[in-house]
Structures are given as C-alpha cells and as structure tokens.
$ cat upload-v8.pdb   # PDB, C-alpha atoms
ATOM      1  CA  MET A 241      70.989-113.918  28.683
ATOM      2  CA  ASP A 242      73.514-114.133  31.503
ATOM      3  CA  ASP A 243      74.417-111.779  34.345
ATOM      4  CA  ALA A 244      77.143-109.976  32.412
ATOM      5  CA  ALA A 245      74.900-109.376  29.394
ATOM      6  CA  ALA A 246      72.064-108.159  31.604
ATOM      7  CA  ILE A 247      74.385-105.775  33.432
ATOM      8  CA  ARG A 248      75.763-104.414  30.156
ATOM      9  CA  SER A 249      72.219-103.840  28.857
ATOM     10  CA  CYS A 250      71.251-102.065  32.082
ATOM     11  CA  ARG A 251      74.308 -99.858  31.814
ATOM     12  CA  SER A 252      73.339 -98.893  28.308
ATOM     13  CA  GLY A 253      69.959 -97.731  29.587
ATOM     14  CA  ASP A 254      67.751-100.808  29.198
ATOM     15  CA  ALA A 255      66.018-100.949  32.572
ATOM     16  CA  ASN A 256      64.037-104.023  31.521
ATOM     17  CA  ALA A 257      67.253-106.059  31.414
ATOM     18  CA  PHE A 258      67.342-105.659  35.178
ATOM     19  CA  ARG A 259      64.317-107.929  35.314
ATOM     20  CA  TYR A 260      66.560-110.886  34.532
ATOM     21  CA  LEU A 261      68.718-110.170  37.583
ATOM     22  CA  VAL A 262      65.755-109.522  39.881
ATOM     23  CA  GLU A 263      63.951-112.682  38.836
ATOM     24  CA  ARG A 264      67.078-114.782  38.979
ATOM     25  CA  TYR A 265      68.120-113.781  42.477
ATOM     26  CA  GLN A 266      65.016-112.614  44.315
ATOM     27  CA  LYS A 267      64.139-115.941  45.957
ATOM     28  CA  GLN A 268      67.673-116.582  47.146
ATOM     29  CA  ALA A 269      68.024-113.002  48.348
ATOM     30  CA  MET A 270      64.666-113.142  50.082
ATOM     31  CA  ALA A 271      65.735-116.231  52.017
ATOM     32  CA  HIS A 272      68.902-114.416  53.062
ATOM     33  CA  ALA A 273      67.029-111.274  54.066
ATOM     34  CA  VAL A 274      64.555-113.326  56.097
ATOM     35  CA  ALA A 275      67.471-115.057  57.830
ATOM     36  CA  ILE A 276      68.924-111.679  58.802
ATOM     37  CA  LEU A 277      65.740-109.818  59.629
ATOM     38  CA  GLY A 278      63.605-112.696  60.794
ATOM     39  CA  ASN A 279      60.402-111.444  59.254
ATOM     40  CA  ARG A 280      59.045-111.363  55.762
ATOM     41  CA  THR A 281      57.676-107.839  55.688
ATOM     42  CA  ASP A 282      60.971-106.199  56.560
ATOM     43  CA  ALA A 283      62.801-108.614  54.277
ATOM     44  CA  GLU A 284      60.687-107.600  51.283
ATOM     45  CA  ASP A 285      61.214-103.912  52.015
ATOM     46  CA  ALA A 286      64.961-104.362  52.366
ATOM     47  CA  LEU A 287      65.147-106.479  49.244
ATOM     48  CA  GLN A 288      63.268-104.015  47.098
ATOM     49  CA  GLU A 289      65.447-101.137  48.263
ATOM     50  CA  ALA A 290      68.579-103.224  47.749
ATOM     51  CA  PHE A 291      67.649-104.025  44.152
ATOM     52  CA  LEU A 292      67.049-100.340  43.483
ATOM     53  CA  ASP A 293      70.371 -99.444  45.114
ATOM     54  CA  ALA A 294      72.072-102.087  42.983
ATOM     55  CA  TYR A 295      70.506-100.769  39.797
ATOM     56  CA  ARG A 296      71.726 -97.250  40.557
ATOM     57  CA  ALA A 297      75.200 -98.534  41.417
ATOM     58  CA  LEU A 298      75.628-100.877  38.442
ATOM     59  CA  ASP A 299      78.145 -98.513  36.865
ATOM     60  CA  ARG A 300      80.442 -99.207  39.784
ATOM     61  CA  PHE A 301      80.035-102.996  39.592
ATOM     62  CA  ASP A 302      83.271-104.836  38.855
ATOM     63  CA  GLU A 303      82.481-107.476  36.237
ATOM     64  CA  GLY A 304      85.224-109.665  37.624
ATOM     65  CA  ARG A 305      83.044-110.305  40.670
ATOM     66  CA  SER A 306      79.967-112.433  41.022
ATOM     67  CA  PHE A 307      76.830-110.302  40.861
ATOM     68  CA  TYR A 308      75.166-111.975  43.808
ATOM     69  CA  SER A 309      78.188-111.646  46.035
ATOM     70  CA  TRP A 310      78.254-107.899  45.272
ATOM     71  CA  PHE A 311      74.504-107.615  45.655
ATOM     72  CA  TYR A 312      74.581-109.408  48.990
ATOM     73  CA  THR A 313      76.722-106.604  50.425
ATOM     74  CA  ILE A 314      74.103-104.074  49.354
ATOM     75  CA  LEU A 315      71.289-106.221  50.701
ATOM     76  CA  ARG A 316      73.104-106.681  53.964
ATOM     77  CA  ASN A 317      73.550-102.926  54.368
ATOM     78  CA  ARG A 318      69.845-102.420  53.764
ATOM     79  CA  CYS A 319      68.982-105.125  56.286
ATOM     80  CA  TRP A 320      71.260-103.623  58.914
ATOM     81  CA  LYS A 321      69.707-100.212  58.379
ATOM     82  CA  LEU A 322      66.333-101.760  59.112
ATOM     83  CA  VAL A 323      67.688-103.579  62.146
ATOM     84  CA  GLY A 324      69.089-100.279  63.385
ATOM     85  CA  SER A 325      65.839 -98.417  62.831
ATOM     86  CA  ARG A 326      63.659-100.901  64.669
ATOM     87  CA  ASN A 327      62.033 -99.721  67.839
ATOM     88  CA  ARG A 328      62.135-103.200  69.225
ATOM     89  CA  PRO A 329      65.555-104.865  69.575
ATOM     90  CA  ASP A 330      64.688-107.742  67.257
ATOM     91  CA  ARG A 331      61.583-108.978  65.539
ATOM     92  CA  ALA A 332      63.143-112.272  64.597
ATOM     93  CA  ALA A 333      60.989-114.287  66.936
ATOM     94  CA  GLU A 334      58.007-113.754  64.653
ATOM     95  CA  ASP A 335      56.475-116.771  63.056
ATOM     96  CA  VAL A 336      58.685-117.052  60.039
ATOM     97  CA  GLU A 337      60.468-119.986  58.479
ATOM     98  CA  ILE A 338      64.232-119.701  58.436
ATOM     99  CA  LEU A 339      64.659-123.382  57.697
ATOM    100  CA  ALA A 340      62.881-125.960  55.639
ATOM    101  CA  ALA A 341      63.224-129.666  56.253
ATOM    102  CA  SER A 342      64.069-131.994  53.430
ATOM    103  CA  GLY A 343      63.580-135.561  54.550
ATOM    104  CA  VAL A 344      64.683-134.921  58.128
ATOM    105  CA  ASN A 345      62.990-134.854  61.479
ATOM    106  CA  LEU A 346      60.444-132.047  61.450
ATOM    107  CA  ASP A 347      60.729-131.524  65.213
ATOM    108  CA  GLN A 348      64.460-130.996  64.798
ATOM    109  CA  THR A 349      63.862-128.447  62.063
ATOM    110  CA  LEU A 350      61.315-126.580  64.158
ATOM    111  CA  ALA A 351      63.562-126.573  67.226
ATOM    112  CA  LEU A 352      66.559-125.390  65.222
ATOM    113  CA  GLY A 353      64.504-122.743  63.416
ATOM    114  CA  GLU A 354      63.101-121.458  66.678
ATOM    115  CA  ALA A 355      66.534-121.375  68.286
ATOM    116  CA  LEU A 356      67.949-119.503  65.289
ATOM    117  CA  ALA A 357      65.195-116.934  65.525
ATOM    118  CA  ARG A 358      66.286-116.212  69.086
ATOM    119  CA  LEU A 359      69.950-115.689  68.238
ATOM    120  CA  GLN A 360      71.638-112.380  67.601
ATOM    121  CA  VAL A 361      71.344-111.282  63.993
ATOM    122  CA  GLU A 362      75.074-111.655  63.325
ATOM    123  CA  SER A 363      75.141-115.196  64.683
ATOM    124  CA  ARG A 364      72.084-116.236  62.729
ATOM    125  CA  GLU A 365      73.525-114.803  59.547
ATOM    126  CA  ILE A 366      76.914-116.487  59.778
ATOM    127  CA  LEU A 367      75.484-119.841  60.838
ATOM    128  CA  THR A 368      72.979-120.007  58.002
ATOM    129  CA  LEU A 369      75.524-118.880  55.435
ATOM    130  CA  ARG A 370      77.905-121.562  56.621
ATOM    131  CA  HIS A 371      75.503-124.445  57.115
ATOM    132  CA  LEU A 372      72.774-123.777  54.569
ATOM    133  CA  ASP A 373      74.798-122.194  51.779
ATOM    134  CA  GLY A 374      77.996-124.065  52.567
ATOM    135  CA  LEU A 375      80.240-121.017  52.280
ATOM    136  CA  SER A 376      83.887-121.560  53.152
ATOM    137  CA  TYR A 377      85.657-119.332  55.664
ATOM    138  CA  GLU A 378      87.217-117.392  52.808
ATOM    139  CA  GLU A 379      83.847-116.880  51.141
ATOM    140  CA  LEU A 380      82.344-115.830  54.457
ATOM    141  CA  SER A 381      85.177-113.375  54.899
ATOM    142  CA  VAL A 382      84.416-111.760  51.545
ATOM    143  CA  ARG A 383      80.652-111.891  51.953
ATOM    144  CA  LEU A 384      80.655-110.386  55.439
ATOM    145  CA  GLY A 385      83.616-108.076  54.933
ATOM    146  CA  ILE A 386      85.551-109.389  57.925
ATOM    147  CA  PRO A 387      88.981-111.065  58.280
ATOM    148  CA  ILE A 388      89.163-114.873  58.270
ATOM    149  CA  GLY A 389      90.259-114.861  61.906
ATOM    150  CA  THR A 390      87.056-113.035  62.801
ATOM    151  CA  VAL A 391      85.018-115.514  60.744
ATOM    152  CA  MET A 392      86.619-118.310  62.750
ATOM    153  CA  SER A 393      85.827-116.834  66.135
ATOM    154  CA  ARG A 394      82.409-115.456  65.184
ATOM    155  CA  LEU A 395      81.323-118.833  63.906
ATOM    156  CA  PHE A 396      82.608-120.549  67.020
ATOM    157  CA  TYR A 397      80.727-118.213  69.359
ATOM    158  CA  ALA A 398      77.615-118.364  67.192
ATOM    159  CA  ARG A 399      77.656-122.141  67.562
ATOM    160  CA  LYS A 400      78.072-121.843  71.303
ATOM    161  CA  GLN A 401      75.149-119.433  71.373
ATOM    162  CA  LEU A 402      73.030-121.828  69.338
ATOM    163  CA  GLN A 403      74.018-124.707  71.579
ATOM    164  CA  ALA A 404      73.018-122.718  74.657
ATOM    165  CA  THR A 405      69.716-121.708  73.078
ATOM    166  CA  LEU A 406      68.899-125.258  72.014
ATOM    167  CA  GLY A 407      70.017-126.564  75.407
ATOM    168  CA  GLY A 408      67.790-124.079  77.173
ATOM    169  CA  LYS A 409      64.798-125.339  75.243
ATOM    170  CA  ARG A 410      65.401-128.985  75.965
TER     171      ARG A 410
ATOM    172  CA  MET B  56      97.222-120.017  73.746
ATOM    173  CA  THR B  57      94.148-120.175  75.933
ATOM    174  CA  CYS B  58      91.722-123.088  75.818
ATOM    175  CA  GLU B  59      89.183-120.849  74.088
ATOM    176  CA  GLU B  60      91.693-120.146  71.302
ATOM    177  CA  TRP B  61      92.434-123.864  70.959
ATOM    178  CA  ARG B  62      88.708-124.538  70.657
ATOM    179  CA  VAL B  63      88.229-121.921  67.939
ATOM    180  CA  ALA B  64      91.145-123.416  66.029
ATOM    181  CA  ALA B  65      89.902-126.975  66.534
ATOM    182  CA  MET B  66      86.459-126.122  65.160
ATOM    183  CA  ALA B  67      88.047-124.493  62.129
ATOM    184  CA  LEU B  68      89.996-127.685  61.572
ATOM    185  CA  ALA B  69      86.811-129.735  61.966
ATOM    186  CA  ASP B  70      85.231-127.515  59.301
ATOM    187  CA  GLY B  71      88.045-128.454  56.915
ATOM    188  CA  GLU B  72      89.637-125.012  57.120
ATOM    189  CA  MET B  73      93.210-123.946  57.859
ATOM    190  CA  PRO B  74      93.495-122.728  61.450
ATOM    191  CA  PRO B  75      96.468-120.552  62.452
ATOM    192  CA  VAL B  76      98.079-123.492  64.301
ATOM    193  CA  SER B  77      99.053-126.903  62.970
ATOM    194  CA  ARG B  78      96.772-129.917  63.014
ATOM    195  CA  ALA B  79      99.321-131.799  65.097
ATOM    196  CA  ALA B  80      99.393-129.071  67.744
ATOM    197  CA  ILE B  81      95.602-129.019  67.953
ATOM    198  CA  GLU B  82      95.363-132.798  68.196
ATOM    199  CA  THR B  83      98.001-132.853  70.913
ATOM    200  CA  HIS B  84      96.091-130.253  72.897
ATOM    201  CA  LEU B  85      92.823-132.152  72.546
ATOM    202  CA  VAL B  86      94.472-135.338  73.823
ATOM    203  CA  THR B  87      95.669-133.551  76.923
ATOM    204  CA  CYS B  88      92.678-131.262  77.600
ATOM    205  CA  ASP B  89      89.414-132.993  78.545
ATOM    206  CA  GLY B  90      87.471-129.712  78.626
ATOM    207  CA  CYS B  91      88.372-128.742  75.077
ATOM    208  CA  ARG B  92      87.777-132.226  73.771
ATOM    209  CA  ARG B  93      84.306-132.321  75.284
ATOM    210  CA  VAL B  94      83.389-128.880  73.882
ATOM    211  CA  ILE B  95      84.554-129.825  70.393
ATOM    212  CA  GLU B  96      82.632-133.114  70.496
ATOM    213  CA  GLU B  97      79.488-131.281  71.544
ATOM    214  CA  LEU B  98      79.847-128.640  68.841
ATOM    215  CA  GLN B  99      80.482-131.289  66.201
ATOM    216  CA  GLU B 100      77.351-133.076  67.325
ATOM    217  CA  LEU B 101      75.478-129.774  67.068
ATOM    218  CA  ALA B 102      76.762-129.359  63.523
ATOM    219  CA  SER B 103      75.031-132.603  62.588
ATOM    220  CA  THR B 104      71.637-131.071  63.411
ATOM    221  CA  TRP B 105      72.050-129.007  60.237
ATOM    222  CA  ASP B 106      72.114-132.127  58.089
ATOM    223  CA  GLY B 107      69.224-132.086  55.631
ATOM    224  CA  GLN B 108      68.254-128.511  56.446
ATOM    225  CA  ARG B 109      67.858-125.980  53.695
ATOM    226  CA  ARG B 110      66.554-122.492  53.239
ATOM    227  CA  PRO B 111      62.820-122.327  52.595
ATOM    228  CA  ASP B 112      61.643-121.359  49.142
ATOM    229  CA  CYS B 113      60.569-117.776  49.617
ATOM    230  CA  TYR B 114      58.133-116.979  46.845
ATOM    231  CA  VAL B 115      58.401-113.342  45.970
ATOM    232  CA  ASP B 116      57.827-111.349  42.812
ATOM    233  CA  LEU B 117      59.431-107.982  43.232
ATOM    234  CA  TRP B 118      59.782-107.073  39.588
ATOM    235  CA  PRO B 119      56.431-105.235  39.170
ATOM    236  CA  ALA B 120      57.184-102.996  42.145
ATOM    237  CA  ILE B 121      60.794-102.442  41.093
ATOM    238  CA  GLN B 122      59.822-101.770  37.497
ATOM    239  CA  ASP B 123      57.299 -99.243  38.720
ATOM    240  CA  ARG B 124      59.918 -97.453  40.781
ATOM    241  CA  LEU B 125      62.552 -97.610  38.035
ATOM    242  CA  GLY B 126      60.157 -96.158  35.490
ATOM    243  CA  ARG B 127      58.687 -93.553  37.773
ATOM    244  CA  PRO B 128      59.477 -90.116  36.417
ATOM    245  CA  LYS B 129      61.316 -87.850  38.758
ATOM    246  CA  ARG B 130      59.087 -85.433  40.579
ATOM    247  CA  HIS B 131      59.624 -82.039  39.059
ATOM    248  CA  TRP B 132      56.546 -80.475  40.621
ATOM    249  CA  LEU B 133      58.463 -78.253  43.005
ATOM    250  CA  PRO B 134      60.592 -76.492  40.360
ATOM    251  CA  MET B 135      57.494 -76.284  38.164
ATOM    252  CA  LEU B 136      55.597 -74.587  40.953
ATOM    253  CA  VAL B 137      58.425 -72.114  41.388
ATOM    254  CA  VAL B 138      58.406 -71.402  37.661
ATOM    255  CA  LEU B 139      54.643 -70.849  37.725
ATOM    256  CA  LEU B 140      54.928 -68.459  40.654
ATOM    257  CA  VAL B 141      57.659 -66.539  38.853
ATOM    258  CA  ILE B 142      55.461 -66.346  35.741
ATOM    259  CA  PHE B 143      52.553 -65.067  37.801
ATOM    260  CA  LYS B 144      54.759 -62.475  39.416
ATOM    261  CA  LEU B 145      56.172 -61.395  36.059
ATOM    262  CA  ALA B 146      52.635 -61.180  34.690
ATOM    263  CA  ASP B 147      51.931 -58.505  37.273
ATOM    264  CA  LEU B 148      54.714 -56.478  35.745
ATOM    265  CA  VAL B 149      53.323 -56.716  32.198
ATOM    266  CA  THR B 150      51.488 -53.503  31.364
ATOM    267  CA  ASP B 151      49.354 -54.996  28.594
ATOM    268  CA  THR B 152      46.468 -56.492  30.609
ATOM    269  CA  SER B 153      45.293 -58.887  27.884
ATOM    270  CA  LEU B 154      48.776 -60.436  27.613
ATOM    271  CA  ALA B 155      49.004 -60.681  31.376
ATOM    272  CA  LEU B 156      45.716 -62.562  31.430
ATOM    273  CA  TRP B 157      46.989 -65.097  28.870
ATOM    274  CA  VAL B 158      50.227 -65.576  30.777
ATOM    275  CA  GLN B 159      48.171 -66.392  33.856
ATOM    276  CA  VAL B 160      45.541 -68.573  32.216
ATOM    277  CA  VAL B 161      47.749 -70.729  29.977
ATOM    278  CA  PRO B 162      49.690 -72.431  32.826
ATOM    279  CA  VAL B 163      46.433 -73.216  34.614
ATOM    280  CA  LEU B 164      45.011 -74.775  31.445
ATOM    281  CA  MET B 165      48.214 -76.751  30.945
ATOM    282  CA  ALA B 166      48.079 -78.047  34.506
ATOM    283  CA  ALA B 167      44.442 -79.096  34.020
ATOM    284  CA  ALA B 168      45.360 -80.884  30.773
ATOM    285  CA  ALA B 169      48.244 -82.678  32.472
ATOM    286  CA  PHE B 170      45.957 -83.777  35.296
ATOM    287  CA  ALA B 171      43.409 -85.127  32.797
ATOM    288  CA  LEU B 172      46.172 -87.000  30.954
ATOM    289  CA  LEU B 173      47.535 -88.554  34.138
ATOM    290  CA  ARG B 174      44.071 -89.803  35.068
ATOM    291  CA  GLN B 175      44.288 -92.010  31.956
ATOM    292  CA  ASN B 176      47.317 -93.743  33.564
ATOM    293  CA  PRO B 177      49.485 -93.370  30.443
ATOM    294  CA  PHE B 178      52.530 -94.882  32.206
ATOM    295  CA  ARG B 179      50.542 -98.010  33.166
ATOM    296  CA  ILE B 180      51.341 -97.639  36.853
ATOM    297  CA  GLN B 181      50.111-100.750  38.650
ATOM    298  CA  THR B 182      47.753 -99.359  41.240
ATOM    299  CA  ASP B 183      46.547-102.848  42.180
ATOM    300  CA  LEU B 184      50.009-103.889  43.368
ATOM    301  CA  ALA B 185      49.312-103.227  47.047
ATOM    302  CA  LEU B 186      46.180-105.321  46.809
ATOM    303  CA  LYS B 187      48.056-108.251  45.240
ATOM    304  CA  GLU B 188      50.699-108.109  47.940
ATOM    305  CA  ALA B 189      48.022-108.097  50.616
ATOM    306  CA  GLU B 190      46.424-111.181  49.038
ATOM    307  CA  LEU B 191      49.765-112.998  49.115
TER     308      LEU B 191
END
$ encode --input "upload-v8.pdb" --output "structure tokens"
Amino acid sequence: MDDAAAIRSCRSGDANAFRYLVERYQKQAMAHAVAILGNRTDAEDALQEAFLDAYRALDRFDEGRSFYSWFYTILRNRCWKLVGSRNRPDRAAEDVEILAASGVNLDQTLALGEALARLQVESREILTLRHLDGLSYEELSVRLGIPIGTVMSRLFYARKQLQATLGGKR
Amino acid sequence: MTCEEWRVAAMALADGEMPPVSRAAIETHLVTCDGCRRVIEELQELASTWDGQRRPDCYVDLWPAIQDRLGRPKRHWLPMLVVLLVIFKLADLVTDTSLALWVQVVPVLMAAAAFALLRQNPFRIQTDLALKEAEL
C-alpha cells in the first residue's frame, strides 16, 4: 500500500486504511511536534488530534501534494493552539530530547539541544526544519506558509538568537 | 541596503539559496564591510555545530488511541433522552392505563438491556490504553 491508496481507501469508508498513514508518519511527526512544543505530553496530544483532524479532512486533500507536507500544516495548527492555551509562556525547557547525536560530540549535542529548548518556538521550528530535515527555503516557505523573503529573514534571526543563547551559556 | 539586509542575503547565499541581490554584489559588500564579514563567519561556524545532529527517534504508537476515537459511535444520548421524555409525557395523555404503563416500562427495559450489553464491551474499547501509556 502507498499513501495514495491508503487515502483512497479511507475516503471510501475504510477507517483501518488510516492505520498505514498513522504508522508511517507518527515517529517523524512526533519528532516535529516535540521540536515545536518542547515536551512529549503536549506533543502526543497535538499529534493525536492532528491525525483525527486529517482523517476528517481527507476529502479535501489534494492528491497532487505530499501527504506529510499537508499533514504538517494540520499538526502545526494543533501545536500552535496548544502553545496559545498554555498558562506558562513556554514549557520547552523541560527535559526532552530535541536532538540526538550520531557520532558527534555529546557535549555539543546537549548544549545545542538545551539552547534550542530556550529559543522561541518559531525559531526552534525553522532551525530544526532547516538543519535536521534539510528543507530548502522554498520547502520551508510551503511548509510554514510564509513567503521566501520571510523564510530568509526568520532563519537569519533564529540563528542569531541561537548564537546568543549558546554564547550566553559558554 | 542596510548591513542587516546584506547579512540576511549573505546567509541565504551561504545556504545555497538565491538571495534577492547578486552574488557579486554580496561578495563586494563583504570585502568592504568588516562587521558583516565577521557576522557571516560566525554564523557559518555556528551552522557547523549542526553537523551530525539528527532528530531523536520518538517511539510512539498512536494507532490504538486513534482507532478507538475513529470507531467511537457518536453520542446520541441527549436526543434519546429527549425522545424518552416526550414518550413519558405522551404516555400521560393516553387514557388506557395499561398501554400507558407499557409505554413507560419498555424504554426503561431497553435502557437496562443496552447497559448490560455495553458492559460486555462489544466494541472492544481498549480500557487499558491509559495504563499502557503510563507505563511508557
């Protein structure tokens, strides 16, 4: 089965076909939700709601698009709703892994992860999408729903913010 | 253009993207502006700290919870309650007392039967899901 077949089955009333999409994308989406929200509990809540939103909106899904790119918009909306409903400004500083080292200095990973957790949500999101997922400016523009010029400046200021945060720790 | 705009454009160029000004113009500015050159060097060095980093594997199994919510029947208890109340009210209007009694008793028996059926968990709702999540 592929995404298109699963979506067609869901549209024809087979809710179990949605399992394929959930199981295929849940880990990736969870990592993205954690990067936005900074804690696992909220990320799981947002993710579950986002999958349900996506299932209900599948009729409106344009098959010319990538499913995950479309789903990310829904997930992002859910995450931002949670961010907006928090009593505290940000819970990102909780002990949660935003990064994982693969053959690099563990101290560097910890320092970077900690600095990321202290950034504004928007900065953390764009930096991780750029550097961990390798999205181009055009892809970032589509994913975040902002013009390329805004991607350019937002990324620049996010880097400056990260630099200041890392510098402050040193 | 301000220095800040040159810096944004220079970083876009360093990322391999197409900034709104030409490469030559950016390079010329960086040759003449020490401040911008230093900022760009620092940010490029910062970019190298991402080398070898990846997103952590976030184990999660949402399907049982999602399946439960997808398969959950819609709650029709409120309209059913209204219907029952209407039936009870109509029963008051029925002159034949034996019929009125049946009209009142049957819905209660049906509700009791439905309750007994639901206790058997016929929809296989996973009541241990919260426990599993807590264990994780």
$ residues_around --input "upload-v8.pdb" --residues "Ala271 in chain A" --least-positions-apart "4" --cutoff "8 Å" --atoms "all atoms listed in the file" --output "number ranges by chain"
A: 267, 275, 338; B: 110-113
$ residues_near_point --input "upload-v8.pdb" --point "(91.1, -122.3, 65.0)" --cutoff "8 Å" --atoms "only C-alpha atoms" --output "MDAnalysis selection string"
(chainID A and resid 392:393) or (chainID B and resid 60:68 73:76)
$ write_last_selection --input "upload-v8.pdb" --atoms "C-alpha atoms" --output "tab-separated table (two decimals), in the coordinates of the input"
chain	number	residue	atom	x	y	z
A	392	MET	CA	86.62	-118.31	62.75
A	393	SER	CA	85.83	-116.83	66.14
B	60	GLU	CA	91.69	-120.15	71.30
B	61	TRP	CA	92.43	-123.86	70.96
B	62	ARG	CA	88.71	-124.54	70.66
B	63	VAL	CA	88.23	-121.92	67.94
B	64	ALA	CA	91.14	-123.42	66.03
B	65	ALA	CA	89.90	-126.98	66.53
B	66	MET	CA	86.46	-126.12	65.16
B	67	ALA	CA	88.05	-124.49	62.13
B	68	LEU	CA	90.00	-127.68	61.57
B	73	MET	CA	93.21	-123.95	57.86
B	74	PRO	CA	93.50	-122.73	61.45
B	75	PRO	CA	96.47	-120.55	62.45
B	76	VAL	CA	98.08	-123.49	64.30
$ closest_residue --input "upload-v8.pdb" --among "B:Ala146, B:Leu125, B:Met165, B:Ala69" --to "chain A" --atoms "all atoms listed in the file"
B:Leu125
$ resolve_selection --input "upload-v8.pdb" --expression "the PyMOL selection byres ((chain A and resi 302-308) around 10)" --output "ChimeraX atom specification"
/A:243-244,247-248,261,264-265,268-269,294,298-301,309-315,383
$ closest_residue --input "upload-v8.pdb" --among "B:Gln108, B:Thr87, B:Gln99, B:Thr57" --to "chain A" --atoms "only C-alpha atoms"
B:Gln108
$ decode --input "upload-v8.pdb" --residues "range 255-267 of chain A" --atoms "N, CA and C atoms" --output "PDB file, in the first residue's frame"
ATOM      1  N   ALA A 255     -11.789   2.940   7.548  1.00  0.00           N
ATOM      2  CA  ALA A 255     -11.014   3.677   8.556  1.00  0.00           C
ATOM      3  C   ALA A 255      -9.706   2.958   8.887  1.00  0.00           C
ATOM      4  N   ASN A 256      -9.681   1.648   8.722  1.00  0.00           N
ATOM      5  CA  ASN A 256      -8.456   0.904   9.053  1.00  0.00           C
ATOM      6  C   ASN A 256      -7.298   1.250   8.122  1.00  0.00           C
ATOM      7  N   ALA A 257      -7.621   1.723   6.915  1.00  0.00           N
ATOM      8  CA  ALA A 257      -6.554   2.106   5.981  1.00  0.00           C
ATOM      9  C   ALA A 257      -5.763   3.292   6.533  1.00  0.00           C
ATOM     10  N   PHE A 258      -6.386   4.028   7.424  1.00  0.00           N
ATOM     11  CA  PHE A 258      -5.708   5.186   8.014  1.00  0.00           C
ATOM     12  C   PHE A 258      -4.534   4.742   8.887  1.00  0.00           C
ATOM     13  N   ARG A 259      -4.605   3.498   9.334  1.00  0.00           N
ATOM     14  CA  ARG A 259      -3.527   2.956  10.157  1.00  0.00           C
ATOM     15  C   ARG A 259      -2.178   3.046   9.438  1.00  0.00           C
ATOM     16  N   TYR A 260      -2.201   2.773   8.141  1.00  0.00           N
ATOM     17  CA  TYR A 260      -0.978   2.831   7.351  1.00  0.00           C
ATOM     18  C   TYR A 260      -0.336   4.219   7.463  1.00  0.00           C
ATOM     19  N   LEU A 261      -1.184   5.255   7.315  1.00  0.00           N
ATOM     20  CA  LEU A 261      -0.655   6.623   7.356  1.00  0.00           C
ATOM     21  C   LEU A 261      -0.161   6.980   8.757  1.00  0.00           C
ATOM     22  N   VAL A 262      -0.930   6.585   9.763  1.00  0.00           N
ATOM     23  CA  VAL A 262      -0.530   6.892  11.150  1.00  0.00           C
ATOM     24  C   VAL A 262       0.805   6.217  11.452  1.00  0.00           C
ATOM     25  N   GLU A 263       0.896   4.939  11.132  1.00  0.00           N
ATOM     26  CA  GLU A 263       2.111   4.201  11.490  1.00  0.00           C
ATOM     27  C   GLU A 263       3.310   4.635  10.656  1.00  0.00           C
ATOM     28  N   ARG A 264       3.038   5.086   9.461  1.00  0.00           N
ATOM     29  CA  ARG A 264       4.154   5.530   8.614  1.00  0.00           C
ATOM     30  C   ARG A 264       4.745   6.854   9.108  1.00  0.00           C
ATOM     31  N   TYR A 265       3.879   7.751   9.551  1.00  0.00           N
ATOM     32  CA  TYR A 265       4.350   9.109   9.830  1.00  0.00           C
ATOM     33  C   TYR A 265       4.425   9.492  11.303  1.00  0.00           C
ATOM     34  N   GLN A 266       3.954   8.640  12.201  1.00  0.00           N
ATOM     35  CA  GLN A 266       3.835   9.080  13.586  1.00  0.00           C
ATOM     36  C   GLN A 266       5.182   9.428  14.243  1.00  0.00           C
ATOM     37  N   LYS A 267       6.222   8.670  13.932  1.00  0.00           N
ATOM     38  CA  LYS A 267       7.511   8.959  14.585  1.00  0.00           C
ATOM     39  C   LYS A 267       8.074  10.305  14.109  1.00  0.00           C
TER      40      LYS A 267
END
